[in-house]
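Next up, my_file.txt (compact mmCIF, C-alpha atoms):
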```
# COMPACT_ATOMS: atom_id res chain seq x y z
CA MET X 1 222.73 206.85 202.53
CA LYS X 2 223.94 210.44 202.70
CA LEU X 3 220.41 211.52 203.54
CA VAL X 4 220.19 209.01 206.40
CA ILE X 5 223.47 210.25 207.86
CA ALA X 6 222.31 213.86 207.52
CA CYS X 7 219.04 213.02 209.27
CA ALA X 8 220.81 211.21 212.10
CA PHE X 9 223.17 214.17 212.51
CA ALA X 10 220.23 216.59 212.62
CA LEU X 11 218.52 214.44 215.26
CA VAL X 12 221.64 214.35 217.42
CA LEU X 13 221.93 218.14 217.14
CA ALA X 14 218.26 218.62 218.00
CA SER X 15 218.47 216.40 221.08
CA ALA X 16 221.62 218.20 222.22
CA ALA X 17 219.76 221.52 221.92
CA ARG X 18 216.88 220.20 224.05
CA ALA X 19 219.30 218.89 226.67
CA ASP X 20 220.29 222.50 227.35
CA ALA X 21 216.69 223.64 227.69
CA TYR X 22 215.78 224.45 231.29
CA GLU X 23 212.33 225.97 230.68
CA GLU X 24 210.24 223.05 231.92
CA HIS X 25 212.59 222.35 234.85
CA ASP X 26 212.50 226.02 235.88
CA TYR X 27 208.72 226.14 235.48
CA ILE X 28 208.24 223.15 237.78
CA LEU X 29 210.74 224.33 240.37
CA SER X 30 209.94 228.05 240.42
CA CYS X 31 206.32 228.47 239.21
CA SER X 32 204.29 225.28 239.50
CA GLY X 33 204.25 225.09 243.31
CA CYS X 34 201.77 227.97 243.48
CA HIS X 35 200.49 228.35 239.90
CA ARG X 36 200.21 224.53 239.59
CA MET X 37 201.42 222.25 236.80
CA ASP X 38 198.59 223.27 234.46
CA GLY X 39 198.82 226.97 235.40
CA ALA X 40 195.30 226.92 236.88
CA GLY X 41 196.34 228.61 240.15
CA SER X 42 194.02 228.35 243.18
CA ASN X 43 191.91 230.54 245.43
CA VAL X 44 195.11 232.21 246.69
CA VAL X 45 197.21 232.34 243.48
CA PRO X 46 196.22 233.81 240.08
CA SER X 47 195.66 231.48 237.12
CA PHE X 48 197.91 231.78 234.05
CA GLU X 49 194.69 231.86 232.03
CA GLY X 50 194.65 235.56 232.98
CA LEU X 51 197.72 236.14 230.78
CA ARG X 52 195.53 235.96 227.67
CA GLU X 53 193.52 239.09 228.43
CA LEU X 54 196.73 241.09 228.84
CA ALA X 55 198.34 239.85 225.62
CA ASP X 56 198.85 242.57 222.96
CA ARG X 57 198.08 245.37 225.44
CA PRO X 58 200.69 248.10 225.83
CA GLY X 59 202.59 247.67 229.07
CA ALA X 60 201.95 243.91 229.38
CA ARG X 61 205.39 242.94 228.12
CA GLU X 62 207.08 244.98 230.86
CA TYR X 63 204.52 244.00 233.51
CA TRP X 64 205.10 240.26 233.01
CA ILE X 65 208.77 240.55 234.01
CA ARG X 66 208.20 243.09 236.80
CA VAL X 67 205.59 241.03 238.76
CA PRO X 68 207.04 239.63 242.00
CA GLY X 69 206.95 235.96 240.94
CA ALA X 70 209.06 236.64 237.84
CA ALA X 71 211.29 239.49 239.06
CA GLN X 72 212.25 237.68 242.29
CA ALA X 73 212.57 234.16 240.89
CA PRO X 74 215.96 232.62 241.81
CA LEU X 75 216.97 232.45 238.13
CA SER X 76 219.62 234.19 236.03
CA ASN X 77 218.46 236.83 233.52
CA ALA X 78 219.06 234.45 230.60
CA ARG X 79 217.15 231.58 232.24
CA LEU X 80 214.25 233.88 233.22
CA ALA X 81 214.08 235.25 229.65
CA ALA X 82 213.96 231.71 228.21
CA LEU X 83 211.37 230.64 230.80
CA MET X 84 209.09 233.62 230.11
CA ASN X 85 209.30 233.12 226.32
CA TRP X 86 208.32 229.48 226.85
CA LEU X 87 205.63 230.22 229.46
CA LEU X 88 203.92 232.97 227.46
CA GLU X 89 203.80 230.84 224.33
CA ARG X 90 202.31 228.00 226.37
CA PHE X 91 199.58 230.04 228.08
CA THR X 92 198.72 232.75 225.52
CA GLY X 93 199.32 230.63 222.40
CA LYS X 94 201.75 233.23 221.04
CA ALA X 95 205.44 233.64 221.80
CA PRO X 96 206.52 237.19 222.67
CA ALA X 97 207.86 238.99 219.57
CA PRO X 98 210.67 239.75 219.67
CA PRO X 99 211.58 237.17 222.35
CA TYR X 100 212.78 238.52 225.71
CA SER X 101 216.55 238.83 225.90
CA ALA X 102 218.68 238.58 229.03
CA GLU X 103 219.42 242.32 228.79
CA GLU X 104 215.74 243.30 228.62
CA VAL X 105 214.89 241.01 231.54
CA SER X 106 217.77 242.42 233.58
CA ARG X 107 216.55 246.00 232.95
CA LEU X 108 212.90 245.22 233.79
CA ARG X 109 213.41 243.09 236.89
CA SER X 110 215.57 245.78 238.45
CA LYS X 111 212.37 247.88 238.68
CA PRO X 112 209.95 245.59 240.59
CA LEU X 113 206.31 246.65 240.88
CA ARG X 114 205.20 248.14 244.19
CA ASP X 115 201.56 247.35 243.48
CA PRO X 116 201.17 244.68 240.79
CA ILE X 117 197.35 244.59 241.05
CA ALA X 118 197.04 248.33 240.41
CA GLU X 119 199.41 248.03 237.44
CA ARG X 120 197.36 245.19 236.00
CA ARG X 121 194.19 247.30 236.33
CA ARG X 122 195.91 250.21 234.61
CA ILE X 123 196.92 247.99 231.65
CA LEU X 124 193.39 246.61 231.33
CA ALA X 125 191.63 249.98 231.68
CA PRO X 126 189.97 251.18 228.45
CA ASN X 127 191.79 254.15 226.95
CA MET Z 1 198.35 169.14 211.81
CA SER Z 2 197.53 165.47 212.33
CA ARG Z 3 201.18 164.90 213.13
CA LEU Z 4 200.97 167.36 216.01
CA ASP Z 5 197.76 165.65 217.17
CA ARG Z 6 199.43 162.28 217.13
CA TRP Z 7 202.46 163.59 219.00
CA PHE Z 8 200.33 165.09 221.77
CA GLU Z 9 198.17 161.99 221.95
CA GLY Z 10 201.26 159.83 222.37
CA LEU Z 11 202.64 162.15 224.99
CA SER Z 12 199.48 162.22 227.10
CA ARG Z 13 198.96 158.45 226.83
CA GLN Z 14 202.52 157.87 227.88
CA SER Z 15 202.23 160.16 230.92
CA ALA Z 16 198.90 158.59 231.87
CA ARG Z 17 200.61 155.17 231.91
CA ARG Z 18 203.64 156.33 233.86
CA VAL Z 19 202.43 159.00 236.30
CA SER Z 20 199.69 158.43 238.85
CA ARG Z 21 197.03 161.07 239.37
CA ARG Z 22 198.07 161.59 243.00
CA ASN Z 23 201.68 162.01 241.99
CA TRP Z 24 200.65 164.70 239.49
CA LEU Z 25 198.49 166.45 242.08
CA SER Z 26 201.29 166.52 244.65
CA ARG Z 27 203.78 167.86 242.11
CA PHE Z 28 201.36 170.51 240.89
CA GLY Z 29 200.55 171.55 244.47
CA GLY Z 30 204.28 171.80 245.21
CA VAL Z 31 204.79 174.15 242.27
CA LEU Z 32 201.85 176.33 243.34
CA VAL Z 33 202.94 176.69 246.98
CA GLY Z 34 206.65 176.90 246.12
CA GLY Z 35 206.04 179.64 243.58
CA ALA Z 36 204.06 181.68 246.09
CA THR Z 37 206.68 181.37 248.87
CA LEU Z 38 209.70 182.13 246.66
CA PRO Z 39 209.46 185.95 247.10
CA LEU Z 40 209.58 185.46 250.90
CA LEU Z 41 213.16 184.19 250.68
CA PRO Z 42 215.81 186.75 251.67
CA VAL Z 43 217.44 186.39 248.25
CA ALA Z 44 214.29 187.55 246.49
CA ARG Z 45 213.84 190.45 248.88
CA ALA Z 46 217.41 191.65 248.32
CA ALA Z 47 216.82 191.68 244.56
CA GLU Z 48 213.70 193.81 244.98
CA LYS Z 49 215.75 196.77 246.20
CA HIS Z 50 216.79 197.53 242.67
CA THR Z 51 213.34 197.46 241.14
CA VAL Z 52 211.26 200.46 240.16
CA GLY Z 53 209.37 202.17 242.97
CA GLU Z 54 205.69 203.04 243.13
CA ASP Z 55 206.14 206.35 241.34
CA GLY Z 56 208.61 205.07 238.77
CA VAL Z 57 211.85 206.10 240.49
CA LYS Z 58 214.55 203.46 240.21
CA GLY Z 59 216.69 202.33 243.08
CA ARG Z 60 216.57 201.63 246.77
CA GLN Z 61 213.24 202.80 248.09
CA GLY Z 62 214.14 203.04 251.77
CA ASP Z 63 211.51 203.50 254.44
CA PRO Z 64 209.07 206.36 253.75
CA THR Z 65 207.96 206.32 257.41
CA ARG Z 66 211.42 207.50 258.52
CA CYS Z 67 212.64 211.08 258.55
CA GLU Z 68 215.99 210.00 257.02
CA TYR Z 69 214.24 208.82 253.84
CA TRP Z 70 215.88 210.68 250.92
CA ARG Z 71 212.73 212.39 249.67
CA HIS Z 72 212.24 214.13 253.03
CA CYS Z 73 215.37 216.28 252.58
CA ALA Z 74 213.53 219.59 253.06
CA ILE Z 75 210.32 218.55 254.78
CA ASP Z 76 208.94 220.22 257.90
CA GLY Z 77 205.92 218.50 259.39
CA PHE Z 78 204.32 215.16 260.19
CA LEU Z 79 204.95 212.38 257.68
CA CYS Z 80 201.66 211.29 256.09
CA SER Z 81 203.04 207.74 255.84
CA CYS Z 82 202.75 207.56 259.68
CA CYS Z 83 199.29 209.13 259.68
CA GLY Z 84 197.17 206.71 257.69
CA GLY Z 85 198.30 207.92 254.27
CA SER Z 86 201.58 207.43 252.41
CA HIS Z 87 204.40 209.65 251.17
CA THR Z 88 202.34 210.20 248.00
CA ALA Z 89 198.75 210.08 249.28
CA CYS Z 90 196.74 211.87 251.96
CA PRO Z 91 195.12 210.02 254.89
CA PRO Z 92 191.37 209.40 254.52
CA GLY Z 93 189.28 212.45 255.39
CA THR Z 94 191.95 214.98 254.36
CA GLU Z 95 192.40 216.93 251.16
CA MET Z 96 195.71 217.51 249.37
CA SER Z 97 196.46 221.21 249.08
CA PRO Z 98 196.74 222.25 245.42
CA VAL Z 99 199.51 224.76 246.19
CA THR Z 100 202.76 223.55 247.61
CA TRP Z 101 206.41 224.29 247.84
CA ILE Z 102 208.86 222.49 245.61
CA GLY Z 103 212.55 221.66 245.96
CA THR Z 104 215.05 219.01 244.94
CA CYS Z 105 216.49 216.01 246.82
CA ARG Z 106 219.32 213.69 245.78
CA ASN Z 107 218.46 210.00 245.58
CA PRO Z 108 221.49 208.14 247.02
CA ALA Z 109 220.60 205.03 244.99
CA ASP Z 110 221.33 206.62 241.60
CA GLY Z 111 223.03 209.90 242.62
CA LYS Z 112 220.45 211.94 240.67
CA ASP Z 113 218.49 214.96 241.86
CA TYR Z 114 214.71 214.75 241.79
CA ILE Z 115 212.12 217.51 241.98
CA ILE Z 116 210.04 216.93 245.12
CA SER Z 117 206.64 218.47 245.80
CA TYR Z 118 205.80 218.72 249.54
CA ASN Z 119 202.01 218.85 249.28
CA ASP Z 120 200.29 219.25 252.65
CA CYS Z 121 197.21 217.26 253.59
CA CYS Z 122 194.53 219.42 255.14
CA GLY Z 123 191.14 219.16 256.81
CA LYS Z 124 191.80 217.16 259.98
CA THR Z 125 193.62 218.20 263.12
CA PHE Z 126 197.42 217.77 263.03
CA CYS Z 127 198.56 214.16 262.99
CA GLY Z 128 201.25 214.43 265.69
CA ARG Z 129 203.23 211.36 264.60
CA CYS Z 130 206.65 211.16 262.88
CA MET Z 131 207.57 214.83 263.14
CA CYS Z 132 210.35 215.51 260.63
CA ASN Z 133 212.13 218.84 260.28
CA ARG Z 134 215.12 218.68 257.90
CA ASN Z 135 214.88 221.93 255.94
CA GLU Z 136 217.81 221.31 253.56
CA GLY Z 137 217.69 224.10 250.96
CA GLU Z 138 214.81 225.80 252.74
CA ARG Z 139 214.79 229.61 252.95
CA PRO Z 140 213.26 232.20 255.33
CA LEU Z 141 209.71 233.48 255.03
CA TYR Z 142 210.61 236.43 252.77
CA HIS Z 143 211.74 233.81 250.21
CA TRP Z 144 208.28 232.28 250.43
CA TYR Z 145 208.39 229.90 247.46
CA ARG Z 146 211.18 227.95 249.24
CA ASN Z 147 209.74 228.30 252.74
CA ASN Z 148 208.02 225.55 254.69
CA ASP Z 149 206.85 227.49 257.74
CA LEU Z 150 203.98 228.88 255.68
CA ASN Z 151 200.69 227.06 256.02
CA TRP Z 152 200.48 225.61 252.52
CA CYS Z 153 196.91 224.54 253.28
CA GLY Z 154 196.06 228.09 252.16
CA GLY Z 155 194.96 226.76 248.78
CA ALA Z 156 192.76 223.98 250.17
CA LYS Z 157 189.10 224.15 251.30
CA THR Z 158 190.04 224.05 254.97
CA GLN Z 159 193.24 225.51 256.37
CA THR Z 160 193.80 222.92 259.11
CA TYR Z 161 197.20 221.28 258.60
CA SER Z 162 197.32 217.52 259.14
CA CYS Z 163 200.52 216.08 257.58
CA SER Z 164 202.96 216.42 254.64
CA THR Z 165 203.70 214.25 251.60
CA ALA Z 166 206.88 214.14 249.47
CA ILE Z 167 205.96 213.44 245.85
CA VAL Z 168 208.53 212.96 243.09
CA VAL Z 169 207.53 215.23 240.20
CA LYS Z 170 210.33 214.27 237.81
CA THR Z 171 214.11 214.09 237.44
CA ALA Z 172 215.74 217.47 238.04
CA LYS Z 173 218.19 218.89 235.50
CA GLU Z 174 220.20 220.28 238.41
CA ALA Z 175 219.84 220.73 242.17
CA GLN Z 176 217.79 223.73 243.30
CA PRO Z 177 219.92 226.93 243.42
CA GLU Z 178 219.81 227.12 247.24
CA LYS Z 179 221.88 223.92 247.60
```
Kindly return the structure encoded in the file as structure tokens.
Amino acid sequence: MKLVIACAFALVLASAARADAYEEHDYILSCSGCHRMDGAGSNVVPSFEGLRELADRPGAREYWIRVPGAAQAPLSNARLAALMNWLLERFTGKAPAPPYSAEEVSRLRSKPLRDPIAERRRILAPN
Amino acid sequence: MSRLDRWFEGLSRQSARRVSRRNWLSRFGGVLVGGATLPLLPVARAAEKHTVGEDGVKGRQGDPTRCEYWRHCAIDGFLCSCCGGSHTACPPGTEMSPVTWIGTCRNPADGKDYIISYNDCCGKTFCGRCMCNRNEGERPLYHWYRNNDLNWCGGAKTQTYSCSTAIVVKTAKEAQPEK
């Protein structure tokens, strides 16, 4: 009986935690219009599949927050950090380690990229 | 088992003795026609208002061909429901643009906010019927992901704008920040 009560309590806690999660809502409202629900993009917007080739490269972590779509999104630093942790895990298969914090996001988005395409090329260039 | 057989046999013999074939036919016909006309009564139509709509949203559906319809809260364009399509489907001969702008609208029937995707239909010349320009929560061009003056047909094969849809994506956790 005690176990059942403990399980029920854990379930209630887990559902309460999910109720505070805005990642999917923020993705739909602030990303999916252009990048599409499945992240495939279109002939005018890059696909999130392209995130994979940047993963693990030096500079990618900073670049992902400084790109216009992320830096200018109408989201608080904490919500943008949570969204990017969720989004990167979804599209690269690996959550950023350590996860983005609100402070890190605040610092990075205050320095938006003047030329995101050039920065992406620089990150991908062989050393 | 045989008891059930006997009971049914008795029942059918009894009804065969009592009820004429024409009587049965007229009763059966009455049930068929009556059943089909029941939803035409005003009572039945009033009850329908609280059923689930075509895309699963509960509550009063309203008239999607009117600008005042709740899902059109930030639309700017011709309503596809007046142009041979519907508020969720493009008219024949047009293609739905894959990129779109997204906002939230409040459904007055349940007081909840819903995420609405205003996908444009592209490929035929502009429809010209049911122009609707409400722009609630819309922002200027420099805030492009909440702007509807852009030609969102940019992502489609042809860039000719025809009309706009208003598709419910899902329930919103809160209204969009611009409201």
Hey, what's within 10 Å of Trp64 of chain X if we count all atoms listed in the file and toss same-chain stuff fewer than 3 positions away? As a tab-separated table (two decimals) with C-alpha atoms, keeping the file's coordinate frame, please?
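Writing done, so here's around_17.tsv:
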```
chain	number	residue	atom	x	y	z
X	51	LEU	CA	197.72	236.14	230.78
X	54	LEU	CA	196.73	241.09	228.84
X	59	GLY	CA	202.59	247.67	229.07
X	60	ALA	CA	201.95	243.91	229.38
X	61	ARG	CA	205.39	242.94	228.12
X	67	VAL	CA	205.59	241.03	238.76
X	68	PRO	CA	207.04	239.63	242.00
X	69	GLY	CA	206.95	235.96	240.94
X	70	ALA	CA	209.06	236.64	237.84
X	71	ALA	CA	211.29	239.49	239.06
X	84	MET	CA	209.09	233.62	230.11
X	88	LEU	CA	203.92	232.97	227.46
X	105	VAL	CA	214.89	241.01	231.54
X	108	LEU	CA	212.90	245.22	233.79
X	109	ARG	CA	213.41	243.09	236.89
X	116	PRO	CA	201.17	244.68	240.79
X	120	ARG	CA	197.36	245.19	236.00
```
TODO: For segment 67-74 of chain Z, work out the shell of residues within 6 Å, counting all atoms listed in the file and skipping chain neighbours fewer than 6 positions away, then give it as a PyMOL selection string.
DONE: chain Z and resi 105+107+132+134-136
TODO: Please provide as a ChimeraX atom specification all residues within 9 Å of segment 108-121 of chain Z, with the sequence filter that same-chain residues fewer than 3 positions apart are discarded (counting only C-alpha atoms).
DONE: /X:25,28-29,33 /Z:50,58-61,70-72,74-75,77,80,88-91,94-105,124,148,151-153,156,160-176
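Residues in contact range of Asp149 of chain Z, defined as at most 9 Å between only C-alpha atoms, with sequence neighbours fewer than 6 positions away removed, read Asp76, Pro140 and Leu141 of chain Z.
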Task: Which of X:Ser47, X:Glu24, X:Arg36, X:Ala78 sits closest to chain Z [using only C-alpha atoms] - done: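 Looking only at the distances to chain Z, the closest residue turns out to be X:Arg36.
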